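Take a look at the structure set out below.
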Amino acid sequence: MTDKKNINRPLVAHLSMFGACAFWGLMAPLGKDAMTHGIDGLTMVTFRVVGGAVLFWLTSLFVPREHVPWRDRLLFIGAALLGLVFNQCCYTIGLSITSPINASIVTTSMPIFAMILSFFILREPITLQKAGGVALGCCGAVILILTSAVAQTDRVGDIRGDLLCLGAQFSFALYLSLFNRLIRRYTVFTVNRWMFLWASLIVLPLSWHHVSLTAWADVPAQTWWEAAYVVFFGTFVGYILTMIGQKTLRPTVVSIYNYVQPLVSVTVSLLAGIGILRWSQALAVVLVFSGVWLVTKSKSRRDMEQRRLDAAAQEQVDDERRP
């Protein structure tokens with residue numbers, strides 16, 4: 001029974017990450033449409049963090065309670081800043097400015113940030129393959145930004161929004177690198193309960209006056225449904241699924257699933273007519289995807305050390321077998 005549970009655990013983790021990224025991919029066009037029909041970026045961020053906090057604290061009433069020492073509660077402030085406040089503010093406000101296609105393409109850059117941060121934080125070596133992957137990814141990002149710089153409409157893109165979405169990926173990659181052990185220490189609901197609480201306490205004082213000025217009576221019903229999707233599926237369900245994946249999968253594997261987001265987002269955006277895919281953007285997709293593939297396929301320091309140990313062990317066995 002235990003073996004079967006251990007076998008199913010990686011499968012559940014992979015399915016969870018796929019589901020989370022699919023929800024996030026659909027969130028880009030729906031959130032973009034909502035933020036062009038009555039709700040702006042800062043208001044949507046407030047909905048996400050406060051709505052997520054309410055949902056996670058309500059859910060925590062029905063699951064086993066974990067003791068969280070004050071030291072870890074304070075560490076959750078840093079996790080909330082990087083994983084929620086900076087990440088969601090940059091991405092959501094960036095999405096409100098640029099096209100959903102560009103926003104989703106930029107999400108694939110996180111493995112490159114993860115590789116660069118692992119070099120400085122974890123002392124992971126940068127191989128020629130990794131360097132080549134970063135170069136390709138950077139070329140794709142530059143093409144995307146240049147396309148946005150000359151765009152006449154946000155259906156093509158906006159350089160300000162692209163850079164904000166890029167900052168969101170850097171923030172989340174830093175969060176994964178610094179707080180991965182903290183995340184693994186507690187259940188999904190405990191982690192999100194504290195992270196969303198701290199995020200709400202940080203965001204609300206800054207956004208409350210702005211949100212209160214919104215003309216709520218003029219917001220159409222469709223916008224409310226789209227905002228509800230962003231809060232419930234794009235935030236609550238999405239964060240539950242990604243936390244399940246993070247508990248089993250390495251950060252680099254988690255980041256690979258960002259490929260799912262642009263596939264969903266680009267398809268829905270084109271069908272809905274709220275995005276335009278130009279040849280330059282398609283080239284940027286190819287370059288970014290290729291760069292991320294090279295980075296994620298390259299060996300980590302642990303893999304290299306294990307390979308050296310295996311080679312030494314095999315050499316010792318061969319020496320013992322020689323007459």
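Following the order of the structure tokens, chains are lettered A, B, ..., residues in each are numbered from 1, and ligands are numbered from 1.
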Write out as a PDB file with N, CA, C and O atoms, in the first residue's frame each polymer residue whose atoms come within 12 Å of Pro64 (chain A), counting only C-alpha atoms; drop sequence neighbours fewer than 6 positions from it.
```
ATOM      1  N   TYR A 186       5.333  22.444   5.712  1.00  0.00           N
ATOM      2  CA  TYR A 186       3.932  22.511   6.117  1.00  0.00           C
ATOM      3  C   TYR A 186       3.008  22.079   4.983  1.00  0.00           C
ATOM      4  O   TYR A 186       3.425  21.951   3.831  1.00  0.00           O
ATOM      5  N   THR A 187       1.730  21.893   5.323  1.00  0.00           N
ATOM      6  CA  THR A 187       0.745  21.507   4.327  1.00  0.00           C
ATOM      7  C   THR A 187       0.416  22.697   3.428  1.00  0.00           C
ATOM      8  O   THR A 187       0.734  23.857   3.747  1.00  0.00           O
ATOM      9  N   VAL A 188      -0.249  22.393   2.330  1.00  0.00           N
ATOM     10  CA  VAL A 188      -0.628  23.420   1.359  1.00  0.00           C
ATOM     11  C   VAL A 188      -1.459  24.523   2.012  1.00  0.00           C
ATOM     12  O   VAL A 188      -1.226  25.717   1.786  1.00  0.00           O
ATOM     13  N   PHE A 189      -2.428  24.136   2.842  1.00  0.00           N
ATOM     14  CA  PHE A 189      -3.351  25.115   3.411  1.00  0.00           C
ATOM     15  C   PHE A 189      -2.672  25.974   4.467  1.00  0.00           C
ATOM     16  O   PHE A 189      -2.963  27.168   4.593  1.00  0.00           O
ATOM     17  N   THR A 190      -1.747  25.392   5.232  1.00  0.00           N
ATOM     18  CA  THR A 190      -1.017  26.182   6.228  1.00  0.00           C
ATOM     19  C   THR A 190      -0.152  27.226   5.545  1.00  0.00           C
ATOM     20  O   THR A 190      -0.122  28.400   5.953  1.00  0.00           O
TER      21      THR A 190
END
```
For Gly19 (chain A), find every residue with an atom within 12 Å (counting only C-alpha atoms), except residues of its own chain fewer than 3 positions away, and show them as a PyMOL selection string. chain A and resi 12-16+22-26+233-234+237-245+257-258+260-261+264
I want to know what sits within 7 Å of Leu164 (chain A), based on only C-alpha atoms, with residues of the same chain fewer than 6 positions away left out; could you give that as a PyMOL selection string? chain A and resi 90-91+94
Write a file of the just-selected residues containing N, CA and C atoms, as a PDB file, in the first residue's frame.
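Ended up saving to out_18.pdb:
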```
ATOM      1  N   CYS A  90       3.154  42.761  -9.959  1.00  0.00           N
ATOM      2  CA  CYS A  90       3.854  42.948 -11.242  1.00  0.00           C
ATOM      3  C   CYS A  90       3.105  42.260 -12.381  1.00  0.00           C
ATOM      4  N   TYR A  91       2.678  41.001 -12.157  1.00  0.00           N
ATOM      5  CA  TYR A  91       2.029  40.266 -13.244  1.00  0.00           C
ATOM      6  C   TYR A  91       0.655  40.850 -13.575  1.00  0.00           C
ATOM      7  N   GLY A  94       0.939  44.331 -14.969  1.00  0.00           N
ATOM      8  CA  GLY A  94       1.557  44.191 -16.285  1.00  0.00           C
ATOM      9  C   GLY A  94       0.583  43.660 -17.316  1.00  0.00           C
TER      10      GLY A  94
END
```
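Closest approach to Val230 (chain A) among A:Leu287, A:Thr92, A:His67, A:Ser118: A:Thr92, based on only C-alpha atoms.
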Identify, on the basis of only C-alpha atoms, every residue whose closest approach to Val219 (chain A) does not exceed 12 Å; exclude the query and any residue fewer than 4 positions from it along the same chain; express the result as a tab-separated table (two decimals) with N, CA, C and O atoms, in the first residue's frame.
```
chain	number	residue	atom	x	y	z
A	34	ALA	N	-11.39	41.37	-18.11
A	34	ALA	CA	-11.99	42.01	-16.94
A	34	ALA	C	-11.37	43.36	-16.66
A	34	ALA	O	-12.07	44.32	-16.28
A	35	MET	N	-10.04	43.46	-16.86
A	35	MET	CA	-9.35	44.71	-16.55
A	35	MET	C	-9.48	45.76	-17.65
A	35	MET	O	-8.89	46.84	-17.56
A	36	THR	N	-10.22	45.43	-18.70
A	36	THR	CA	-10.55	46.44	-19.72
A	36	THR	C	-12.04	46.79	-19.68
A	36	THR	O	-12.50	47.58	-20.49
A	37	HIS	N	-12.76	46.20	-18.73
A	37	HIS	CA	-14.21	46.45	-18.64
A	37	HIS	C	-14.63	46.67	-17.19
A	37	HIS	O	-15.48	45.96	-16.65
A	38	GLY	N	-13.99	47.65	-16.52
A	38	GLY	CA	-14.51	48.07	-15.23
A	38	GLY	C	-13.59	47.86	-14.04
A	38	GLY	O	-13.79	48.48	-12.99
A	39	ILE	N	-12.61	46.95	-14.12
A	39	ILE	CA	-11.72	46.69	-13.00
A	39	ILE	C	-10.28	46.92	-13.46
A	39	ILE	O	-9.88	46.37	-14.48
A	40	ASP	N	-9.51	47.70	-12.71
A	40	ASP	CA	-8.13	47.94	-13.11
A	40	ASP	C	-7.18	46.96	-12.42
A	40	ASP	O	-7.60	46.11	-11.63
A	214	THR	N	-13.60	52.99	-7.16
A	214	THR	CA	-14.12	52.28	-8.34
A	214	THR	C	-15.63	52.45	-8.45
A	214	THR	O	-16.36	52.37	-7.45
A	215	ALA	N	-16.11	52.69	-9.66
A	215	ALA	CA	-17.56	52.84	-9.91
A	215	ALA	C	-18.18	51.44	-10.01
A	215	ALA	O	-18.35	50.91	-11.12
A	223	THR	N	-17.74	40.90	-16.23
A	223	THR	CA	-16.49	41.25	-15.55
A	223	THR	C	-16.43	40.63	-14.16
A	223	THR	O	-15.37	40.15	-13.73
A	224	TRP	N	-17.56	40.61	-13.46
A	224	TRP	CA	-17.60	39.98	-12.13
A	224	TRP	C	-17.31	38.49	-12.23
A	224	TRP	O	-16.59	37.93	-11.39
A	225	TRP	N	-17.86	37.81	-13.24
A	225	TRP	CA	-17.60	36.38	-13.43
A	225	TRP	C	-16.14	36.12	-13.76
A	225	TRP	O	-15.53	35.17	-13.27
A	226	GLU	N	-15.57	36.99	-14.59
A	226	GLU	CA	-14.15	36.85	-14.93
A	226	GLU	C	-13.26	37.08	-13.71
A	226	GLU	O	-12.28	36.37	-13.50
A	227	ALA	N	-13.61	38.09	-12.91
A	227	ALA	CA	-12.84	38.35	-11.68
A	227	ALA	C	-12.98	37.18	-10.71
A	227	ALA	O	-12.01	36.81	-10.02
```
